[in-house]
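To keep things clear, I will list the structure first and then write my remarks on it.
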Number of protein chains: 2
Amino acid sequence: MLEKSIVNKYGEKFSEWFEWIIREAEIYDYGRYPVKGMGVWLPYGFKLRKHILELIRSLLDETGHEEILLPLLIPETLFRKESEHVRGFENEVLWITKGGQEELDVKLVLRPTSETALSYMESFWIKSYKQLPKKYYQIVSIFRYETKMTKPMIRVREVTTFKEAHTLHEDFDDCEKQVIEAIEIYSKFFDELNIPYIVIRRPQWDKFAGALYTIAFDTIFPDGKAIQIGTVHNLGQTFTSVFDVKIQKRDETIDYAWQTSYGISERVVASIIAFHSDERGLLLPPNIAPYQVVIIPIPHTDVTIFTSVNEYCDKIGSILLQTGIRVYIDKRDDVRPVDKFFEWELKGVPIRIEIGYKEIQNNTITIFRRDTMKRRTIKAEELLHEIKRDFDEIKQNISLRALNWFKSNIKTSSKFNEALTIVKNEGGMVLLPWCGNENCVHAAIEREEGVEALGEVLQGSLKRLNIELALDDVSCAFCDKKAIAFIAIAKRH
Amino acid sequence: MLEKSIVNKYGEKFSEWFEWIIREAEIYDYGRYPVKGMGVWLPYGFKLRKHILELIRSLLDETGHEEILLPLLIPETLFRKESEHVRGFENEVLWITKGGQEELDVKLVLRPTSETALSYMESFWIKSYKQLPKKYYQIVSIFRYETKMTKPMIRVREVTTFKEAHTLHEDFDDCEKQVIEAIEIYSKFFDELNIPYIVIRRPQWDKFAGALYTIAFDTIFPDGKAIQIGTVHNLGQTFTSVFDVKIQKRDETIDYAWQTSYGISERVVASIIAFHSDERGLLLPPNIAPYQVVIIPIPHTDVTIFTSVNEYCDKIGSILLQTGIRVYIDKRDDVRPVDKFFEWELKGVPIRIEIGYKEIQNNTITIFRRDTMKRRTIKAEELLHEIKRDFDEIKQNISLRALNWFKSNIKTSSKFNEALTIVKNEGGMVLLPWCGNENCVHAAIEREEGVEALGEVLQGSLKRLNIELALDDVSCAFCDKKAIAFIAIAKRH
């Protein structure tokens, strides 16, 4: 049962609430498996994850990405080839040193990401500009030996849902175009999921190990902390030069190819849970809900009547199924309707249908909407029309709630100290005008424990959020120079 | 280019042929990744694998199986709990001993299979007979430190496509029913893929480590060697008693639950390649072919005409797409049609459509069938009808070829020595009448290097193959007692 103390997801209790909801809604079993930072996707959670992955797969497939599957294990020799990359990851990889009873000659790393493994293979596959651009992706588990406190789906040692895309290009310009395409794909993806975000260029000290630069998608969780939910890297020729991925160019010269990579993880699922939920539990967008409609037959003391109630439920269920709606008829006979209501509200099913004797007599259907928590009765023949409209309205509703909350947690300030106070007291992100010099921010922020510079906010991202901020005659919040951009600061997950 | 020496897949050159075809058809890149026994699924192979997985998922989902995802890593303490299981696997697991720079307190095993991890979790989840039967499955990578020679998809250290199902039951009888359901599911699966098989009860010395008994699906590869392509285990209470998975039973007593597990791997993909191929390459069944139809525009020197050829191709492509047919229009302008023909024949696309000026003029379509290697021209309006009939005929054709070859490689003999000679000289399986005493076979076969007893052939499996064998008044091929069953012997992969 719901403990009063964790009903509210906002504020400091967020982590506690999060662990409660993923357990109670049977999404992800965490904290019981006897390896730190590893959990189990339960059937209901697995379905949710599946619909989310279908969405990203279709966005990638329709933009010419090809799905592949690389080995999980990377030999130490390969892994150590690119020095900056190794420095970035070597303290957080898991090492296999033994096979059966034998010590291995070459140790193996569980992939923390696949740039090294793939670049090595690309040196065999890619020979000419004619093969480019080439866009690969895979959806796999990756492993990072996190020493910080682990949190389910948010900071884990086995990231079970890592979608990593890797692309190859003829030159820098084409890489830059790919970065823009990747940002566009992730924007569509998060928009479809109604997860609000802001797009930020990470400072150099916080970029991906081996990248020229990193663009990140950040959102804000109910505890007011920012969280990175997607990244896009321009890798330049870092890996292609080390792994000798050479191409013949249009002008017949030979040069190393150029690369980008971009990734998302199960933090996307965590974001859906964080945003699309209220004091009663989850409130899932219809496009990814494991069940879009649940049908509850209302028992009747007269067995004949209850039989026809069940038949009516089946009939309505099959009508919905035929139009491709994911429906579940909950006929459990040892659970009371009120408990079923409670359970499916908690699990976030967008629409509940209740069918009893009254509905049969009047040829009606009673519909309950999870977002408004309101019940209404409609004529049976209007079912499909009404449900489709409900889905649209629910999606809009969910989207608007999330966006409004997100925007209310993005503030601006022209002074660093003021901004710090806001972040520390109220949470959220604060945007500050900035001269563009990273040293300037670094010097100021490195003394502040727990608050970080997320980086330069991309103008296009502010526009998309309808946030208008002027930069004329504004000075940098860290020095006296003219500001040319906004930098975001926040506490982070 | 195709080397003459490996055109023929039959006989000793099979392995060489297999490595050639998976490379040339761009299925799986093997032997270049610098870890023994690990390869890369390439885009075309990944699609083939995907359609096969969709098939097994739908068969499992419609019989009440729920997909989950367990952690990859199992702590040594958990792994060592069931002693028979450990003895079976400890010489072939990979060990993680180090995280970052630290030695781990508890070593971690990369799962060779998930009975231990899941049973541990089930001890939290399952409390009552009311929750049973419970059927879980997952599709994951597993790891086995093979010391024998590795072979792509057939004997690898990373099995990337392990579908493992795990079920829980109230009693032994319900377990037995589940074994039958599992056999039925796999039978449908292999039937749909047109892979012939025989179902065999493994001898005790060859069962899964921890099982009461193991039922296996075996087929025969073109080199005449038998290969296990699926297994079903009745696990009894082996793991539930060790991991304390207790249930309250119908009669209110408490007892350990009962389990089965069953698995298939990428050997399924290997079987499709082994069976559905000829001297020109693959010949894929339409239901799982990455592309079911490929359209090749035939160039014309007149640019206007060639433009309309391409438009006609697009039109036909979209008609096919709309009916859900997977179609690819090969418009590459730097590859000659004859080379495209060669390439798509090698990749096994069941139907090729050729469109040139003639086809536009006459409002016709030229269809080439990969199975018969025959070309014909049809009226454009008959396209869908003709293609659907072709798909049916191709499937029948492929199925019949595979089945006939398989049956011609199953022989019978009443004498062990004769059977040995057949296996050694001709390959294939030989079925021998048998008294049912495993010691009797074991004593005879253990001296014979390279030939193994696969186990007792299930009667139902012989019926399904329309193989009729009488057992009246027949003696055991190993002793003088009366035979009660047939035992299969063969060389094995």
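Every chain in the structure tokens has a letter given in the order shown (A, B, ...), and although residue numbers restart at 1 in each chain, ligands are simply numbered from 1 in the order shown.
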Please report, as JSON lines, each residue of chain A lying at most 6 Å from chain B, together with the nearest pair of atoms and the separation in Å rounded to one decimal; use only C-alpha atoms, and order rows by chain and ascending residue number.
```
{"residue": "A:Val40", "atom": "CA", "partner": "B:Leu70", "partner_atom": "CA", "distance": 4.8}
{"residue": "A:Trp41", "atom": "CA", "partner": "B:Leu69", "partner_atom": "CA", "distance": 4.9}
{"residue": "A:Leu42", "atom": "CA", "partner": "B:Ile68", "partner_atom": "CA", "distance": 5.3}
{"residue": "A:Pro43", "atom": "CA", "partner": "B:Ile68", "partner_atom": "CA", "distance": 5.3}
{"residue": "A:Phe46", "atom": "CA", "partner": "B:Ile68", "partner_atom": "CA", "distance": 5.9}
{"residue": "A:Glu66", "atom": "CA", "partner": "B:Pro43", "partner_atom": "CA", "distance": 5.7}
{"residue": "A:Glu67", "atom": "CA", "partner": "B:Pro43", "partner_atom": "CA", "distance": 5.6}
{"residue": "A:Ile68", "atom": "CA", "partner": "B:Leu42", "partner_atom": "CA", "distance": 5.3}
{"residue": "A:Leu69", "atom": "CA", "partner": "B:Trp41", "partner_atom": "CA", "distance": 4.9}
{"residue": "A:Leu70", "atom": "CA", "partner": "B:Val40", "partner_atom": "CA", "distance": 4.8}
{"residue": "A:Asn91", "atom": "CA", "partner": "B:Gly100", "partner_atom": "CA", "distance": 4.0}
{"residue": "A:Glu92", "atom": "CA", "partner": "B:Gly100", "partner_atom": "CA", "distance": 4.7}
{"residue": "A:Val93", "atom": "CA", "partner": "B:Gly100", "partner_atom": "CA", "distance": 5.2}
{"residue": "A:Leu94", "atom": "CA", "partner": "B:Gly99", "partner_atom": "CA", "distance": 4.4}
{"residue": "A:Trp95", "atom": "CA", "partner": "B:Lys98", "partner_atom": "CA", "distance": 5.1}
{"residue": "A:Ile96", "atom": "CA", "partner": "B:Ile96", "partner_atom": "CA", "distance": 4.2}
{"residue": "A:Lys98", "atom": "CA", "partner": "B:Trp95", "partner_atom": "CA", "distance": 5.1}
{"residue": "A:Gly99", "atom": "CA", "partner": "B:Leu94", "partner_atom": "CA", "distance": 4.4}
{"residue": "A:Gly100", "atom": "CA", "partner": "B:Asn91", "partner_atom": "CA", "distance": 4.0}
{"residue": "A:Tyr145", "atom": "CA", "partner": "B:Gly99", "partner_atom": "CA", "distance": 5.8}
```
Please write the residues from the selection above to a file, keeping C-alpha atoms, as a PDB file, in the first residue's frame.
```pdb
ATOM      1  CA  VAL A  40      15.230  -6.901 -13.607  1.00  0.00           C
ATOM      2  CA  TRP A  41      12.763  -5.645 -16.193  1.00  0.00           C
ATOM      3  CA  LEU A  42       9.392  -7.117 -15.218  1.00  0.00           C
ATOM      4  CA  PRO A  43       6.765  -8.026 -17.847  1.00  0.00           C
ATOM      5  CA  PHE A  46       9.383  -4.700 -20.453  1.00  0.00           C
ATOM      6  CA  GLU A  66      20.953   0.229 -40.048  1.00  0.00           C
ATOM      7  CA  GLU A  67      20.715  -1.960 -36.963  1.00  0.00           C
ATOM      8  CA  ILE A  68      23.649  -4.236 -36.172  1.00  0.00           C
ATOM      9  CA  LEU A  69      24.937  -6.143 -33.165  1.00  0.00           C
ATOM     10  CA  LEU A  70      28.552  -5.988 -32.005  1.00  0.00           C
ATOM     11  CA  ASN A  91      38.205   3.634 -13.965  1.00  0.00           C
ATOM     12  CA  GLU A  92      34.691   2.517 -14.704  1.00  0.00           C
ATOM     13  CA  VAL A  93      34.958  -0.671 -16.719  1.00  0.00           C
ATOM     14  CA  LEU A  94      34.526  -4.262 -15.623  1.00  0.00           C
ATOM     15  CA  TRP A  95      37.357  -6.636 -16.479  1.00  0.00           C
ATOM     16  CA  ILE A  96      37.182 -10.298 -17.405  1.00  0.00           C
ATOM     17  CA  LYS A  98      39.470 -15.618 -16.328  1.00  0.00           C
ATOM     18  CA  GLY A  99      37.780 -18.148 -18.635  1.00  0.00           C
ATOM     19  CA  GLY A 100      36.863 -21.462 -17.041  1.00  0.00           C
ATOM     20  CA  TYR A 145      31.474   0.277 -12.672  1.00  0.00           C
TER      21      TYR A 145
END
```
(message) Please return, as a PyMOL selection string, all residues of segment 40-150 of chain B that DSSP assigns to helix (DSSP H, G or I) on the basis of the backbone.
(response) chain B and resi 43-61+76-79+83-92+115-125+129-131
Mind dumping the selected residues with C-alpha atoms as an mmCIF file, in the first residue's frame?
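To be explicit, this is the file written out as result.cif:
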```
data_model
loop_
_atom_site.group_PDB
_atom_site.id
_atom_site.type_symbol
_atom_site.label_atom_id
_atom_site.label_comp_id
_atom_site.auth_asym_id
_atom_site.auth_seq_id
_atom_site.Cartn_x
_atom_site.Cartn_y
_atom_site.Cartn_z
ATOM 1 C CA PRO B 43 22.477 -5.124 -41.257
ATOM 2 C CA TYR B 44 21.166 -7.787 -43.660
ATOM 3 C CA GLY B 45 21.779 -10.592 -41.176
ATOM 4 C CA PHE B 46 20.286 -8.536 -38.365
ATOM 5 C CA LYS B 47 17.045 -8.182 -40.352
ATOM 6 C CA LEU B 48 16.904 -11.940 -40.970
ATOM 7 C CA ARG B 49 17.481 -12.564 -37.261
ATOM 8 C CA LYS B 50 14.774 -10.008 -36.400
ATOM 9 C CA HIS B 51 12.082 -11.730 -38.457
ATOM 10 C CA ILE B 52 12.980 -15.072 -36.911
ATOM 11 C CA LEU B 53 12.740 -13.552 -33.426
ATOM 12 C CA GLU B 54 9.376 -11.977 -34.256
ATOM 13 C CA LEU B 55 8.119 -15.454 -35.058
ATOM 14 C CA ILE B 56 9.258 -17.064 -31.806
ATOM 15 C CA ARG B 57 8.043 -14.045 -29.806
ATOM 16 C CA SER B 58 4.569 -14.326 -31.271
ATOM 17 C CA LEU B 59 4.439 -18.077 -30.568
ATOM 18 C CA LEU B 60 5.503 -17.472 -26.957
ATOM 19 C CA ASP B 61 3.275 -14.454 -26.377
ATOM 20 C CA GLU B 76 29.714 -16.353 -7.700
ATOM 21 C CA THR B 77 27.788 -16.949 -4.468
ATOM 22 C CA LEU B 78 24.508 -17.389 -6.389
ATOM 23 C CA PHE B 79 26.090 -19.314 -9.220
ATOM 24 C CA SER B 83 26.227 -28.026 -7.156
ATOM 25 C CA GLU B 84 25.273 -30.140 -10.183
ATOM 26 C CA HIS B 85 24.640 -26.993 -12.216
ATOM 27 C CA VAL B 86 28.012 -25.516 -11.223
ATOM 28 C CA ARG B 87 29.874 -28.688 -12.118
ATOM 29 C CA GLY B 88 28.205 -28.582 -15.539
ATOM 30 C CA PHE B 89 29.195 -25.006 -16.251
ATOM 31 C CA GLU B 90 32.170 -23.915 -14.183
ATOM 32 C CA ASN B 91 34.739 -24.885 -16.771
ATOM 33 C CA GLU B 92 33.068 -22.789 -19.407
ATOM 34 C CA GLU B 115 18.276 -20.554 -14.052
ATOM 35 C CA THR B 116 20.204 -19.362 -11.001
ATOM 36 C CA ALA B 117 19.540 -15.630 -11.465
ATOM 37 C CA LEU B 118 15.849 -16.128 -12.169
ATOM 38 C CA SER B 119 15.179 -18.711 -9.460
ATOM 39 C CA TYR B 120 16.684 -16.335 -6.921
ATOM 40 C CA MET B 121 14.270 -13.588 -8.036
ATOM 41 C CA GLU B 122 11.319 -15.983 -8.154
ATOM 42 C CA SER B 123 11.817 -16.623 -4.455
ATOM 43 C CA PHE B 124 10.597 -13.026 -3.965
ATOM 44 C CA TRP B 125 7.886 -13.045 -6.619
ATOM 45 C CA TYR B 129 -0.295 -21.763 -6.598
ATOM 46 C CA LYS B 130 -2.721 -19.023 -7.658
ATOM 47 C CA GLN B 131 0.129 -17.317 -9.503
#
```
(request) Pick out the closest residue to Asp251 of chain A from this set: A:Gln204, A:Thr421, A:Asn8, A:Ser128. Count only C-alpha atoms. (result) A:Ser128
(request) Tell me which protein, DNA and RNA residues are within 12 Å of Lys374 of chain B, counting only C-alpha atoms, leaving out same-chain ones fewer than 3 positions away, and put them as a VMD selection string. (result) chain B and resid 345 350 to 353 366 to 371 377 390
(message) Could you list, as a count of residues only, every residue within 6 Å of segment 181-197 of chain A, counting only C-alpha atoms and ignoring same-chain residues fewer than 4 positions away?
(response) 4
(request) Please report, as number ranges by chain, each residue of segment 56-209 of chain B to which DSSP assigns strand (DSSP E) when run on this structure's backbone. (result) B: 66-67, 73-75, 94-99, 102-110, 134-143, 158-169, 198-201
Could those residues be written to a file, using N, CA and C atoms, as a compact mmCIF listing (two decimals), in the first residue's frame?
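Output file again-v1.txt is given in full below:
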```txt
# COMPACT_ATOMS: atom_id res chain seq x y z
N GLU B 66 5.66 -14.37 -20.79
CA GLU B 66 5.90 -12.95 -20.60
C GLU B 66 7.39 -12.65 -20.73
N GLU B 67 7.70 -11.64 -21.54
CA GLU B 67 9.11 -11.32 -21.76
C GLU B 67 9.64 -10.44 -20.63
N LEU B 73 25.01 -10.39 -15.29
CA LEU B 73 26.05 -10.88 -14.37
C LEU B 73 25.45 -11.58 -13.16
N ILE B 74 26.06 -12.70 -12.83
CA ILE B 74 25.60 -13.51 -11.70
C ILE B 74 26.74 -13.61 -10.69
N PRO B 75 26.49 -13.23 -9.42
CA PRO B 75 27.57 -13.32 -8.44
C PRO B 75 27.94 -14.78 -8.19
N LEU B 94 32.95 -17.25 -18.11
CA LEU B 94 33.90 -16.14 -18.04
C LEU B 94 33.70 -15.41 -16.72
N TRP B 95 34.82 -15.05 -16.10
CA TRP B 95 34.79 -14.45 -14.76
C TRP B 95 35.24 -13.00 -14.78
N ILE B 96 34.43 -12.16 -14.15
CA ILE B 96 34.84 -10.77 -13.93
C ILE B 96 35.43 -10.70 -12.53
N THR B 97 36.65 -10.22 -12.46
CA THR B 97 37.32 -10.18 -11.16
C THR B 97 37.68 -8.75 -10.75
N LYS B 98 37.50 -7.81 -11.69
CA LYS B 98 38.01 -6.46 -11.46
C LYS B 98 37.02 -5.43 -11.96
N GLY B 99 36.80 -4.37 -11.16
CA GLY B 99 35.96 -3.24 -11.58
C GLY B 99 36.78 -1.98 -11.44
N GLU B 102 39.80 -1.71 -8.97
CA GLU B 102 39.60 -2.54 -7.77
C GLU B 102 39.40 -4.02 -8.08
N GLU B 103 39.94 -4.88 -7.21
CA GLU B 103 39.58 -6.29 -7.24
C GLU B 103 38.19 -6.42 -6.62
N LEU B 104 37.31 -7.19 -7.23
CA LEU B 104 35.96 -7.36 -6.68
C LEU B 104 35.98 -8.31 -5.49
N ASP B 105 35.16 -8.02 -4.50
CA ASP B 105 35.05 -8.92 -3.34
C ASP B 105 34.39 -10.23 -3.77
N VAL B 106 33.33 -10.10 -4.53
CA VAL B 106 32.64 -11.29 -5.03
C VAL B 106 32.78 -11.30 -6.55
N LYS B 107 33.41 -12.34 -7.06
CA LYS B 107 33.56 -12.45 -8.52
C LYS B 107 32.20 -12.57 -9.19
N LEU B 108 32.14 -12.14 -10.44
CA LEU B 108 30.89 -12.20 -11.19
C LEU B 108 31.07 -13.09 -12.42
N VAL B 109 30.04 -13.87 -12.70
CA VAL B 109 30.05 -14.74 -13.87
C VAL B 109 29.19 -14.11 -14.96
N LEU B 110 29.63 -14.16 -16.21
CA LEU B 110 28.75 -13.79 -17.32
C LEU B 110 27.79 -14.96 -17.53
N LYS B 134 3.44 -19.96 -14.34
CA LYS B 134 4.04 -18.68 -14.70
C LYS B 134 5.08 -18.96 -15.77
N LYS B 135 5.04 -18.23 -16.86
CA LYS B 135 5.97 -18.50 -17.95
C LYS B 135 6.71 -17.22 -18.33
N TYR B 136 8.01 -17.23 -18.11
CA TYR B 136 8.85 -16.08 -18.48
C TYR B 136 9.75 -16.45 -19.65
N TYR B 137 10.18 -15.45 -20.39
CA TYR B 137 11.27 -15.70 -21.34
C TYR B 137 12.08 -14.43 -21.54
N GLN B 138 13.30 -14.60 -22.01
CA GLN B 138 14.10 -13.45 -22.39
C GLN B 138 14.97 -13.83 -23.59
N ILE B 139 15.35 -12.83 -24.37
CA ILE B 139 16.20 -13.05 -25.54
C ILE B 139 17.46 -12.21 -25.33
N VAL B 140 18.58 -12.89 -25.11
CA VAL B 140 19.78 -12.21 -24.62
C VAL B 140 21.05 -12.86 -25.15
N SER B 141 22.18 -12.24 -24.83
CA SER B 141 23.49 -12.85 -25.06
C SER B 141 23.85 -13.72 -23.86
N ILE B 142 24.40 -14.89 -24.13
CA ILE B 142 25.00 -15.69 -23.06
C ILE B 142 26.44 -15.99 -23.47
N PHE B 143 27.23 -16.40 -22.49
CA PHE B 143 28.66 -16.56 -22.73
C PHE B 143 29.14 -17.93 -22.27
N GLU B 158 30.27 -15.91 -27.48
CA GLU B 158 29.09 -15.08 -27.20
C GLU B 158 27.95 -15.59 -28.06
N VAL B 159 26.99 -16.25 -27.42
CA VAL B 159 25.76 -16.63 -28.12
C VAL B 159 24.88 -15.40 -28.03
N THR B 160 24.70 -14.73 -29.16
CA THR B 160 24.03 -13.41 -29.11
C THR B 160 22.52 -13.51 -29.16
N THR B 161 22.02 -14.69 -29.47
CA THR B 161 20.58 -14.82 -29.74
C THR B 161 20.04 -16.00 -28.96
N PHE B 162 20.17 -15.93 -27.64
CA PHE B 162 19.70 -17.02 -26.79
C PHE B 162 18.29 -16.66 -26.32
N LYS B 163 17.31 -17.45 -26.76
CA LYS B 163 15.95 -17.27 -26.27
C LYS B 163 15.78 -18.32 -25.19
N GLU B 164 15.70 -17.88 -23.93
CA GLU B 164 15.52 -18.85 -22.85
C GLU B 164 14.17 -18.61 -22.19
N ALA B 165 13.35 -19.69 -22.12
CA ALA B 165 12.06 -19.60 -21.43
C ALA B 165 12.20 -20.34 -20.11
N HIS B 166 11.53 -19.82 -19.09
CA HIS B 166 11.59 -20.43 -17.75
C HIS B 166 10.17 -20.43 -17.19
N THR B 167 9.71 -21.61 -16.80
CA THR B 167 8.34 -21.66 -16.29
C THR B 167 8.30 -22.25 -14.89
N LEU B 168 7.23 -21.92 -14.17
CA LEU B 168 7.03 -22.36 -12.79
C LEU B 168 5.68 -23.04 -12.67
N HIS B 169 5.65 -24.13 -11.91
CA HIS B 169 4.43 -24.94 -11.82
C HIS B 169 4.18 -25.42 -10.41
N ILE B 198 14.21 -33.73 -35.60
CA ILE B 198 13.75 -34.94 -34.94
C ILE B 198 13.84 -34.65 -33.43
N VAL B 199 12.89 -35.17 -32.67
CA VAL B 199 12.85 -34.83 -31.25
C VAL B 199 13.33 -36.04 -30.45
N ILE B 200 14.30 -35.78 -29.61
CA ILE B 200 15.05 -36.86 -28.97
C ILE B 200 15.19 -36.61 -27.47
N ARG B 201 15.02 -37.68 -26.70
CA ARG B 201 15.25 -37.56 -25.26
C ARG B 201 16.71 -37.89 -25.01
```
